[in-house]
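Visitor: For reference, the file model05.pdb (PDB, C-alpha atoms) is included below:
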```
ATOM      1  CA  GLU A   1     122.613 172.667 -37.376  1.00  0.00           C
ATOM      2  CA  ALA A   2     124.646 175.294 -39.198  1.00  0.00           C
ATOM      3  CA  GLN A   3     125.528 173.990 -42.609  1.00  0.00           C
ATOM      4  CA  VAL A   4     126.165 174.521 -46.300  1.00  0.00           C
ATOM      5  CA  THR A   5     124.233 172.050 -48.433  1.00  0.00           C
ATOM      6  CA  GLN A   6     125.140 171.151 -51.980  1.00  0.00           C
ATOM      7  CA  ASN A   7     123.181 169.057 -54.454  1.00  0.00           C
ATOM      8  CA  PRO A   8     123.763 166.803 -56.201  1.00  0.00           C
ATOM      9  CA  ARG A   9     126.684 165.238 -54.363  1.00  0.00           C
ATOM     10  CA  TYR A  10     127.559 163.054 -57.344  1.00  0.00           C
ATOM     11  CA  LEU A  11     126.666 163.533 -60.986  1.00  0.00           C
ATOM     12  CA  ILE A  12     127.725 161.945 -64.234  1.00  0.00           C
ATOM     13  CA  THR A  13     126.576 163.813 -67.296  1.00  0.00           C
ATOM     14  CA  VAL A  14     127.412 164.226 -70.970  1.00  0.00           C
ATOM     15  CA  THR A  15     129.015 167.061 -72.862  1.00  0.00           C
ATOM     16  CA  GLY A  16     126.644 169.900 -73.601  1.00  0.00           C
ATOM     17  CA  LYS A  17     123.842 168.955 -71.242  1.00  0.00           C
ATOM     18  CA  LYS A  18     123.105 171.954 -69.028  1.00  0.00           C
ATOM     19  CA  LEU A  19     123.264 171.334 -65.323  1.00  0.00           C
ATOM     20  CA  THR A  20     122.915 173.254 -62.087  1.00  0.00           C
ATOM     21  CA  VAL A  21     124.587 172.506 -58.778  1.00  0.00           C
ATOM     22  CA  THR A  22     122.643 174.050 -55.954  1.00  0.00           C
ATOM     23  CA  CYS A  23     124.129 175.509 -52.795  1.00  0.00           C
ATOM     24  CA  SER A  24     122.194 176.640 -49.771  1.00  0.00           C
ATOM     25  CA  GLN A  25     123.370 177.924 -46.381  1.00  0.00           C
ATOM     26  CA  ASN A  26     121.333 178.408 -43.221  1.00  0.00           C
ATOM     27  CA  MET A  27     123.725 180.729 -41.379  1.00  0.00           C
ATOM     28  CA  ASN A  28     122.526 184.016 -42.871  1.00  0.00           C
ATOM     29  CA  HIS A  29     125.971 184.581 -44.368  1.00  0.00           C
ATOM     30  CA  GLU A  30     126.391 187.438 -46.791  1.00  0.00           C
ATOM     31  CA  TYR A  31     129.361 185.966 -48.633  1.00  0.00           C
ATOM     32  CA  MET A  32     129.238 182.806 -50.746  1.00  0.00           C
ATOM     33  CA  SER A  33     131.730 181.310 -53.161  1.00  0.00           C
ATOM     34  CA  TRP A  34     132.293 178.371 -55.480  1.00  0.00           C
ATOM     35  CA  TYR A  35     135.561 176.437 -55.843  1.00  0.00           C
ATOM     36  CA  ARG A  36     136.702 173.535 -57.918  1.00  0.00           C
ATOM     37  CA  GLN A  37     139.396 171.172 -56.713  1.00  0.00           C
ATOM     38  CA  ASP A  38     141.635 169.228 -59.045  1.00  0.00           C
ATOM     39  CA  PRO A  39     144.652 167.052 -58.196  1.00  0.00           C
ATOM     40  CA  GLY A  40     147.820 169.096 -57.930  1.00  0.00           C
ATOM     41  CA  LEU A  41     145.983 172.373 -58.458  1.00  0.00           C
ATOM     42  CA  GLY A  42     144.204 172.730 -55.164  1.00  0.00           C
ATOM     43  CA  LEU A  43     141.088 174.791 -54.697  1.00  0.00           C
ATOM     44  CA  ARG A  44     140.493 177.369 -57.393  1.00  0.00           C
ATOM     45  CA  GLN A  45     137.849 180.020 -56.990  1.00  0.00           C
ATOM     46  CA  ILE A  46     135.192 180.140 -59.714  1.00  0.00           C
ATOM     47  CA  TYR A  47     132.818 182.895 -58.599  1.00  0.00           C
ATOM     48  CA  TYR A  48     131.964 184.640 -55.381  1.00  0.00           C
ATOM     49  CA  SER A  49     129.166 186.814 -54.108  1.00  0.00           C
ATOM     50  CA  MET A  50     129.418 189.513 -51.484  1.00  0.00           C
ATOM     51  CA  ASN A  51     125.654 189.722 -51.060  1.00  0.00           C
ATOM     52  CA  VAL A  52     122.344 189.367 -52.878  1.00  0.00           C
ATOM     53  CA  GLU A  53     122.578 190.414 -56.541  1.00  0.00           C
ATOM     54  CA  VAL A  54     126.347 191.013 -56.238  1.00  0.00           C
ATOM     55  CA  THR A  55     128.599 188.466 -57.923  1.00  0.00           C
ATOM     56  CA  ASP A  56     132.205 188.584 -59.124  1.00  0.00           C
ATOM     57  CA  LYS A  57     134.547 186.363 -61.062  1.00  0.00           C
ATOM     58  CA  GLY A  58     137.153 184.336 -59.296  1.00  0.00           C
ATOM     59  CA  ASP A  59     140.217 182.889 -60.961  1.00  0.00           C
ATOM     60  CA  VAL A  60     138.544 180.307 -63.216  1.00  0.00           C
ATOM     61  CA  PRO A  61     135.059 181.589 -64.211  1.00  0.00           C
ATOM     62  CA  GLU A  62     135.059 180.415 -67.833  1.00  0.00           C
ATOM     63  CA  GLY A  63     132.242 178.005 -68.602  1.00  0.00           C
ATOM     64  CA  TYR A  64     130.304 178.780 -65.425  1.00  0.00           C
ATOM     65  CA  LYS A  65     127.492 181.086 -64.401  1.00  0.00           C
ATOM     66  CA  VAL A  66     126.103 181.937 -60.996  1.00  0.00           C
ATOM     67  CA  SER A  67     123.221 183.899 -59.583  1.00  0.00           C
ATOM     68  CA  ARG A  68     122.410 185.255 -56.148  1.00  0.00           C
ATOM     69  CA  LYS A  69     118.741 186.087 -56.019  1.00  0.00           C
ATOM     70  CA  GLU A  70     118.352 185.102 -52.379  1.00  0.00           C
ATOM     71  CA  LYS A  71     120.784 185.364 -49.538  1.00  0.00           C
ATOM     72  CA  ARG A  72     120.771 181.666 -48.715  1.00  0.00           C
ATOM     73  CA  ASN A  73     121.185 180.263 -52.255  1.00  0.00           C
ATOM     74  CA  PHE A  74     124.054 180.445 -54.716  1.00  0.00           C
ATOM     75  CA  PRO A  75     123.602 178.000 -57.591  1.00  0.00           C
ATOM     76  CA  LEU A  76     126.411 177.136 -60.006  1.00  0.00           C
ATOM     77  CA  ILE A  77     125.286 176.716 -63.602  1.00  0.00           C
ATOM     78  CA  LEU A  78     127.167 174.891 -66.330  1.00  0.00           C
ATOM     79  CA  GLU A  79     125.370 175.886 -69.532  1.00  0.00           C
ATOM     80  CA  SER A  80     127.311 173.505 -71.775  1.00  0.00           C
ATOM     81  CA  PRO A  81     129.535 171.246 -69.684  1.00  0.00           C
ATOM     82  CA  SER A  82     132.733 169.913 -71.166  1.00  0.00           C
ATOM     83  CA  PRO A  83     135.053 167.112 -69.974  1.00  0.00           C
ATOM     84  CA  ASN A  84     137.566 169.641 -68.589  1.00  0.00           C
ATOM     85  CA  GLN A  85     134.909 170.637 -66.065  1.00  0.00           C
ATOM     86  CA  THR A  86     135.102 167.206 -64.488  1.00  0.00           C
ATOM     87  CA  SER A  87     136.068 168.084 -60.958  1.00  0.00           C
ATOM     88  CA  LEU A  88     135.154 168.194 -57.285  1.00  0.00           C
ATOM     89  CA  TYR A  89     133.167 171.347 -56.563  1.00  0.00           C
ATOM     90  CA  PHE A  90     132.810 173.059 -53.211  1.00  0.00           C
ATOM     91  CA  CYS A  91     130.470 175.818 -52.190  1.00  0.00           C
ATOM     92  CA  ALA A  92     131.437 177.957 -49.208  1.00  0.00           C
ATOM     93  CA  SER A  93     129.975 180.792 -47.188  1.00  0.00           C
ATOM     94  CA  LYS A  94     131.111 183.194 -44.526  1.00  0.00           C
ATOM     95  CA  ARG A  95     129.910 186.049 -42.435  1.00  0.00           C
ATOM     96  CA  VAL A  96     131.014 189.469 -43.582  1.00  0.00           C
ATOM     97  CA  ALA A  97     132.906 190.840 -40.646  1.00  0.00           C
ATOM     98  CA  LEU A  98     134.334 194.280 -40.190  1.00  0.00           C
ATOM     99  CA  GLY A  99     137.858 194.347 -41.548  1.00  0.00           C
ATOM    100  CA  LEU A 100     139.264 192.600 -44.530  1.00  0.00           C
ATOM    101  CA  GLY A 101     138.910 188.931 -45.151  1.00  0.00           C
ATOM    102  CA  THR A 102     138.123 187.886 -41.637  1.00  0.00           C
ATOM    103  CA  GLY A 103     135.815 185.120 -40.644  1.00  0.00           C
ATOM    104  CA  GLU A 104     135.800 181.404 -41.244  1.00  0.00           C
ATOM    105  CA  LEU A 105     134.789 179.940 -44.595  1.00  0.00           C
ATOM    106  CA  PHE A 106     132.266 177.124 -44.125  1.00  0.00           C
ATOM    107  CA  PHE A 107     132.301 174.556 -46.894  1.00  0.00           C
ATOM    108  CA  GLY A 108     129.660 172.233 -48.228  1.00  0.00           C
ATOM    109  CA  GLU A 109     130.447 168.541 -48.527  1.00  0.00           C
ATOM    110  CA  GLY A 110     131.346 168.830 -52.178  1.00  0.00           C
ATOM    111  CA  SER A 111     129.823 167.771 -55.480  1.00  0.00           C
ATOM    112  CA  ARG A 112     131.739 165.344 -57.633  1.00  0.00           C
ATOM    113  CA  LEU A 113     130.955 166.014 -61.267  1.00  0.00           C
ATOM    114  CA  THR A 114     131.992 163.869 -64.212  1.00  0.00           C
ATOM    115  CA  VAL A 115     131.398 165.107 -67.750  1.00  0.00           C
ATOM    116  CA  LEU A 116     131.717 162.430 -70.422  1.00  0.00           C
TER     117      LEU A 116
ATOM    118  CA  ARG B 117     152.836 180.947 -61.112  1.00  0.00           C
ATOM    119  CA  LYS B 118     150.250 180.173 -58.453  1.00  0.00           C
ATOM    120  CA  GLU B 119     149.615 182.929 -55.947  1.00  0.00           C
ATOM    121  CA  VAL B 120     149.834 180.523 -53.036  1.00  0.00           C
ATOM    122  CA  GLU B 121     152.306 177.655 -53.137  1.00  0.00           C
ATOM    123  CA  GLN B 122     152.909 174.730 -50.832  1.00  0.00           C
ATOM    124  CA  ASP B 123     155.207 171.749 -50.703  1.00  0.00           C
ATOM    125  CA  PRO B 124     152.845 168.870 -51.503  1.00  0.00           C
ATOM    126  CA  GLY B 125     154.734 166.430 -49.264  1.00  0.00           C
ATOM    127  CA  PRO B 126     153.982 163.898 -48.030  1.00  0.00           C
ATOM    128  CA  PHE B 127     155.607 164.660 -44.715  1.00  0.00           C
ATOM    129  CA  ASN B 128     155.919 161.331 -42.937  1.00  0.00           C
ATOM    130  CA  VAL B 129     156.040 162.010 -39.218  1.00  0.00           C
ATOM    131  CA  PRO B 130     156.433 159.554 -36.335  1.00  0.00           C
ATOM    132  CA  GLU B 131     153.752 159.835 -33.731  1.00  0.00           C
ATOM    133  CA  GLY B 132     154.798 162.304 -31.048  1.00  0.00           C
ATOM    134  CA  ALA B 133     157.213 164.189 -33.277  1.00  0.00           C
ATOM    135  CA  THR B 134     157.040 167.784 -34.422  1.00  0.00           C
ATOM    136  CA  VAL B 135     156.449 168.754 -38.028  1.00  0.00           C
ATOM    137  CA  ALA B 136     156.525 172.169 -39.634  1.00  0.00           C
ATOM    138  CA  PHE B 137     155.884 173.369 -43.141  1.00  0.00           C
ATOM    139  CA  ASN B 138     155.479 176.616 -44.979  1.00  0.00           C
ATOM    140  CA  CYS B 139     153.299 178.217 -47.561  1.00  0.00           C
ATOM    141  CA  THR B 140     154.482 181.096 -49.732  1.00  0.00           C
ATOM    142  CA  TYR B 141     152.294 183.758 -51.263  1.00  0.00           C
ATOM    143  CA  SER B 142     153.182 186.014 -54.168  1.00  0.00           C
ATOM    144  CA  ASN B 143     150.790 188.926 -53.702  1.00  0.00           C
ATOM    145  CA  SER B 144     152.200 191.215 -51.054  1.00  0.00           C
ATOM    146  CA  ALA B 145     148.818 192.940 -50.797  1.00  0.00           C
ATOM    147  CA  SER B 146     147.199 189.836 -49.295  1.00  0.00           C
ATOM    148  CA  GLN B 147     145.523 190.809 -46.068  1.00  0.00           C
ATOM    149  CA  SER B 148     144.502 187.665 -44.270  1.00  0.00           C
ATOM    150  CA  PHE B 149     145.744 184.124 -44.032  1.00  0.00           C
ATOM    151  CA  PHE B 150     144.356 180.832 -42.858  1.00  0.00           C
ATOM    152  CA  TRP B 151     145.218 177.184 -42.435  1.00  0.00           C
ATOM    153  CA  TYR B 152     142.533 174.662 -43.371  1.00  0.00           C
ATOM    154  CA  ARG B 153     142.568 170.920 -42.849  1.00  0.00           C
ATOM    155  CA  GLN B 154     141.153 168.562 -45.447  1.00  0.00           C
ATOM    156  CA  ASP B 155     140.613 164.843 -44.937  1.00  0.00           C
ATOM    157  CA  CYS B 156     140.603 162.575 -47.986  1.00  0.00           C
ATOM    158  CA  ARG B 157     138.659 164.789 -50.465  1.00  0.00           C
ATOM    159  CA  LYS B 158     136.137 165.869 -47.857  1.00  0.00           C
ATOM    160  CA  GLU B 159     135.351 169.513 -47.333  1.00  0.00           C
ATOM    161  CA  PRO B 160     138.115 171.729 -45.933  1.00  0.00           C
ATOM    162  CA  LYS B 161     137.644 172.880 -42.364  1.00  0.00           C
ATOM    163  CA  LEU B 162     139.278 175.856 -40.728  1.00  0.00           C
ATOM    164  CA  LEU B 163     142.200 174.898 -38.535  1.00  0.00           C
ATOM    165  CA  MET B 164     143.264 178.379 -37.579  1.00  0.00           C
ATOM    166  CA  SER B 165     143.572 181.935 -38.753  1.00  0.00           C
ATOM    167  CA  VAL B 166     147.063 183.373 -38.973  1.00  0.00           C
ATOM    168  CA  TYR B 167     147.779 186.682 -37.324  1.00  0.00           C
ATOM    169  CA  SER B 168     150.775 188.957 -37.732  1.00  0.00           C
ATOM    170  CA  SER B 169     151.848 188.308 -34.176  1.00  0.00           C
ATOM    171  CA  GLY B 170     151.640 184.562 -34.603  1.00  0.00           C
ATOM    172  CA  ASN B 171     149.118 182.426 -32.813  1.00  0.00           C
ATOM    173  CA  GLU B 172     148.884 179.125 -31.072  1.00  0.00           C
ATOM    174  CA  ASP B 173     146.015 176.728 -30.593  1.00  0.00           C
ATOM    175  CA  GLY B 174     146.942 173.749 -28.497  1.00  0.00           C
ATOM    176  CA  ARG B 175     149.563 171.762 -30.392  1.00  0.00           C
ATOM    177  CA  PHE B 176     149.325 173.974 -33.462  1.00  0.00           C
ATOM    178  CA  THR B 177     151.279 177.169 -34.015  1.00  0.00           C
ATOM    179  CA  ALA B 178     150.917 179.457 -37.015  1.00  0.00           C
ATOM    180  CA  GLN B 179     153.267 182.246 -38.000  1.00  0.00           C
ATOM    181  CA  LEU B 180     153.155 184.947 -40.645  1.00  0.00           C
ATOM    182  CA  ASN B 181     156.321 186.414 -42.129  1.00  0.00           C
ATOM    183  CA  ARG B 182     155.309 189.370 -44.283  1.00  0.00           C
ATOM    184  CA  ALA B 183     158.872 190.319 -45.206  1.00  0.00           C
ATOM    185  CA  SER B 184     159.504 186.934 -46.803  1.00  0.00           C
ATOM    186  CA  GLN B 185     155.873 186.373 -47.748  1.00  0.00           C
ATOM    187  CA  TYR B 186     155.222 183.058 -46.158  1.00  0.00           C
ATOM    188  CA  ILE B 187     153.105 181.525 -43.442  1.00  0.00           C
ATOM    189  CA  SER B 188     154.028 178.478 -41.458  1.00  0.00           C
ATOM    190  CA  LEU B 189     152.283 175.775 -39.490  1.00  0.00           C
ATOM    191  CA  LEU B 190     153.923 173.763 -36.751  1.00  0.00           C
ATOM    192  CA  ILE B 191     152.344 170.695 -35.208  1.00  0.00           C
ATOM    193  CA  ARG B 192     153.791 169.464 -31.934  1.00  0.00           C
ATOM    194  CA  ASP B 193     153.339 166.014 -30.416  1.00  0.00           C
ATOM    195  CA  SER B 194     151.790 164.684 -33.625  1.00  0.00           C
ATOM    196  CA  LYS B 195     148.822 162.357 -33.315  1.00  0.00           C
ATOM    197  CA  LEU B 196     147.669 159.736 -35.786  1.00  0.00           C
ATOM    198  CA  SER B 197     144.541 161.838 -36.207  1.00  0.00           C
ATOM    199  CA  ASP B 198     146.644 164.734 -37.527  1.00  0.00           C
ATOM    200  CA  SER B 199     147.118 162.818 -40.775  1.00  0.00           C
ATOM    201  CA  ALA B 200     145.470 165.017 -43.379  1.00  0.00           C
ATOM    202  CA  THR B 201     146.152 167.554 -46.076  1.00  0.00           C
ATOM    203  CA  TYR B 202     146.743 171.070 -44.822  1.00  0.00           C
ATOM    204  CA  LEU B 203     145.701 173.903 -47.103  1.00  0.00           C
ATOM    205  CA  CYS B 204     146.877 177.441 -46.684  1.00  0.00           C
ATOM    206  CA  ALA B 205     144.731 180.293 -47.905  1.00  0.00           C
ATOM    207  CA  GLY B 206     145.275 183.981 -48.453  1.00  0.00           C
ATOM    208  CA  GLY B 207     142.759 186.647 -49.204  1.00  0.00           C
ATOM    209  CA  GLY B 208     141.918 190.288 -49.439  1.00  0.00           C
ATOM    210  CA  ALA B 209     144.562 191.256 -51.958  1.00  0.00           C
ATOM    211  CA  ASP B 210     142.858 192.473 -55.127  1.00  0.00           C
ATOM    212  CA  SER B 211     139.475 192.096 -53.531  1.00  0.00           C
ATOM    213  CA  TRP B 212     138.675 190.858 -50.094  1.00  0.00           C
ATOM    214  CA  GLY B 213     136.200 188.487 -51.678  1.00  0.00           C
ATOM    215  CA  LYS B 214     138.967 186.611 -53.459  1.00  0.00           C
ATOM    216  CA  PHE B 215     140.613 183.798 -51.561  1.00  0.00           C
ATOM    217  CA  GLN B 216     143.464 181.784 -53.017  1.00  0.00           C
ATOM    218  CA  PHE B 217     144.278 178.354 -51.691  1.00  0.00           C
ATOM    219  CA  GLY B 218     147.458 176.397 -51.995  1.00  0.00           C
ATOM    220  CA  ALA B 219     147.347 172.866 -53.354  1.00  0.00           C
ATOM    221  CA  GLY B 220     147.923 171.457 -49.894  1.00  0.00           C
ATOM    222  CA  THR B 221     150.629 169.713 -47.890  1.00  0.00           C
ATOM    223  CA  GLN B 222     149.979 166.100 -47.020  1.00  0.00           C
ATOM    224  CA  VAL B 223     150.980 164.974 -43.541  1.00  0.00           C
ATOM    225  CA  VAL B 224     151.086 161.292 -42.642  1.00  0.00           C
ATOM    226  CA  VAL B 225     151.616 160.462 -38.980  1.00  0.00           C
ATOM    227  CA  THR B 226     152.865 156.931 -38.439  1.00  0.00           C
ATOM    228  CA  PRO B 227     152.747 154.790 -35.273  1.00  0.00           C
TER     229      PRO B 227
END
```
For the structure just supplied, provide its representation as structure tokens.

Guide:
Amino acid sequence: EAQVTQNPRYLITVTGKKLTVTCSQNMNHEYMSWYRQDPGLGLRQIYYSMNVEVTDKGDVPEGYKVSRKEKRNFPLILESPSPNQTSLYFCASKRVALGLGTGELFFGEGSRLTVL
Amino acid sequence: RKEVEQDPGPFNVPEGATVAFNCTYSNSASQSFFWYRQDCRKEPKLLMSVYSSGNEDGRFTAQLNRASQYISLLIRDSKLSDSATYLCAGGGADSWGKFQFGAGTQVVVTP
């Protein structure tokens, strides 16, 4: 089954304790991206990756790191989480089609993170 | 100002009625547009892409108005199962890798 898998799905942690949210896709998609979703603000893009070893900042990259060492994986790293990073996080991937911005974004089920 | 803005609603719609709502975008360089459906904090799922000529998929019709910088979604013959939050998305402006989403429009279809 084609899917984007995120782990953990739920996490409660404390300020300053480094954590990683993993994201893996089995569709051989070149493009992957991370979003956070907060009430009233919608989905905001954190980082995206066009392909292996190519990553770029989205609109809200502060406090996050990513890496893309393999095509299927795109982990999100919070080196020193803070309470304002409490949010619902989604990973997404898509095929890179000819032409700009085409192709469906497939989302993972989301990771609900609480930072105390 | 957000690059993509939507009326949050909720739009309360009787079953069988038609509902329509818009989404405005501020970056005229945006290249592609989409409507996604999201149920109760689950993952968004693509409803339809939006093409310049407008497109229809069953009871759903999407339109793009580049002159006024908005996209629209119309739902005909609303079903109870259409109750959801509808997110519009635009991409390919500064970089085709960047996609901006609106905060969503909530639709509630009532019996």

Visitor: Written as a PyMOL selection string, which residues does the PyMOL selection byres ((chain A) within 12 of (chain B)) give for the file shown?

Guide: chain A and resi 3-6+9+30-51+54-60+87-112

Visitor: For the residues selected in the previous step, produce a file with C-alpha atoms as a compact mmCIF listing (two decimals), in the frame of the given file.

Guide:
```txt
# COMPACT_ATOMS: atom_id res chain seq x y z
CA GLN A 3 125.53 173.99 -42.61
CA VAL A 4 126.16 174.52 -46.30
CA THR A 5 124.23 172.05 -48.43
CA GLN A 6 125.14 171.15 -51.98
CA ARG A 9 126.68 165.24 -54.36
CA GLU A 30 126.39 187.44 -46.79
CA TYR A 31 129.36 185.97 -48.63
CA MET A 32 129.24 182.81 -50.75
CA SER A 33 131.73 181.31 -53.16
CA TRP A 34 132.29 178.37 -55.48
CA TYR A 35 135.56 176.44 -55.84
CA ARG A 36 136.70 173.54 -57.92
CA GLN A 37 139.40 171.17 -56.71
CA ASP A 38 141.64 169.23 -59.04
CA PRO A 39 144.65 167.05 -58.20
CA GLY A 40 147.82 169.10 -57.93
CA LEU A 41 145.98 172.37 -58.46
CA GLY A 42 144.20 172.73 -55.16
CA LEU A 43 141.09 174.79 -54.70
CA ARG A 44 140.49 177.37 -57.39
CA GLN A 45 137.85 180.02 -56.99
CA ILE A 46 135.19 180.14 -59.71
CA TYR A 47 132.82 182.90 -58.60
CA TYR A 48 131.96 184.64 -55.38
CA SER A 49 129.17 186.81 -54.11
CA MET A 50 129.42 189.51 -51.48
CA ASN A 51 125.65 189.72 -51.06
CA VAL A 54 126.35 191.01 -56.24
CA THR A 55 128.60 188.47 -57.92
CA ASP A 56 132.21 188.58 -59.12
CA LYS A 57 134.55 186.36 -61.06
CA GLY A 58 137.15 184.34 -59.30
CA ASP A 59 140.22 182.89 -60.96
CA VAL A 60 138.54 180.31 -63.22
CA SER A 87 136.07 168.08 -60.96
CA LEU A 88 135.15 168.19 -57.28
CA TYR A 89 133.17 171.35 -56.56
CA PHE A 90 132.81 173.06 -53.21
CA CYS A 91 130.47 175.82 -52.19
CA ALA A 92 131.44 177.96 -49.21
CA SER A 93 129.98 180.79 -47.19
CA LYS A 94 131.11 183.19 -44.53
CA ARG A 95 129.91 186.05 -42.44
CA VAL A 96 131.01 189.47 -43.58
CA ALA A 97 132.91 190.84 -40.65
CA LEU A 98 134.33 194.28 -40.19
CA GLY A 99 137.86 194.35 -41.55
CA LEU A 100 139.26 192.60 -44.53
CA GLY A 101 138.91 188.93 -45.15
CA THR A 102 138.12 187.89 -41.64
CA GLY A 103 135.82 185.12 -40.64
CA GLU A 104 135.80 181.40 -41.24
CA LEU A 105 134.79 179.94 -44.60
CA PHE A 106 132.27 177.12 -44.12
CA PHE A 107 132.30 174.56 -46.89
CA GLY A 108 129.66 172.23 -48.23
CA GLU A 109 130.45 168.54 -48.53
CA GLY A 110 131.35 168.83 -52.18
CA SER A 111 129.82 167.77 -55.48
CA ARG A 112 131.74 165.34 -57.63
```

Visitor: Quick one: distance from atom CA of B:Ala145 to atom CA of B:Ser188 in Å, one decimal?

Guide: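 That distance, rounded to one decimal, is 18.0 Å.
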
Visitor: Separation of atom CA of A:Ser82 and atom CA of A:Arg68, in Å?

Guide: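 Between atom CA of A:Ser82 and atom CA of A:Arg68 the gap is 23.8 Å.
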
Visitor: Env of B:Gly132: 9 Å cut, atoms = all atoms listed in the file, seq-sep filter 4 positions within chain, self excluded. Answer as a ChimeraX atom specification.

Guide: /B:192-196,225,227

Visitor: Do you know which residues the PyMOL selection byres ((chain A and resi 74) around 7) returns on this file, as a list in words?

Guide: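 Applied to this file, the PyMOL selection byres ((chain A and resi 74) around 7) returns Thr22, Cys23, Ser24, Met32, Val66, Ser67, Arg68, Arg72, Asn73, Pro75 and Leu76 of chain A.
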
Visitor: Using the chain letters and numbers from the file, which residues does the PyMOL selection byres ((chain B and resi 181) around 12) grab, as a PyMOL selection string?

Guide: chain B and resi 138-141+144+149+166-170+178-180+182-189

Visitor: Enter the distance from atom CA of B:Gln222 to atom CA of B:Gln154, in Å, rounded to one decimal.

Guide: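 Interatomic distance, atom CA of B:Gln222 to atom CA of B:Gln154: 9.3 Å.
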
Visitor: Fewer than 6 positions away in the same chain doesn't count, so skip those; otherwise give me all residues within 9 Å of B:Val224, counting only C-alpha atoms, as a JSON list (two decimals) with C-alpha atoms, keeping the file's coordinate frame.

Guide:
```
[["chain", "number", "residue", "atom", "x", "y", "z"],
["B", 126, "PRO", "CA", 153.98, 163.90, -48.03],
["B", 127, "PHE", "CA", 155.61, 164.66, -44.72],
["B", 128, "ASN", "CA", 155.92, 161.33, -42.94],
["B", 129, "VAL", "CA", 156.04, 162.01, -39.22],
["B", 130, "PRO", "CA", 156.43, 159.55, -36.34],
["B", 196, "LEU", "CA", 147.67, 159.74, -35.79],
["B", 198, "ASP", "CA", 146.64, 164.73, -37.53],
["B", 199, "SER", "CA", 147.12, 162.82, -40.78],
["B", 200, "ALA", "CA", 145.47, 165.02, -43.38],
["B", 201, "THR", "CA", 146.15, 167.55, -46.08]]
```

Visitor: Considering all atoms listed in the file, state which residue in the set B:Thr221, B:Thr226, B:Glu172, B:Ser197 is at the smallest distance from B:Phe137.

Guide: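 Ranking B:Thr221, B:Thr226, B:Glu172, B:Ser197 by distance to B:Phe137, first place goes to B:Thr221.
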
Visitor: Quick one: what's the axis-aligned box for stretch 42-48 of chain A, all listed atoms, 4 Å on every side, centre and edges in Å to one decimal, as JSON?

Guide:
```
{"center_x": 138.1, "center_y": 178.7, "center_z": -57.2, "size_x": 20.2, "size_y": 19.9, "size_z": 13.0}
```
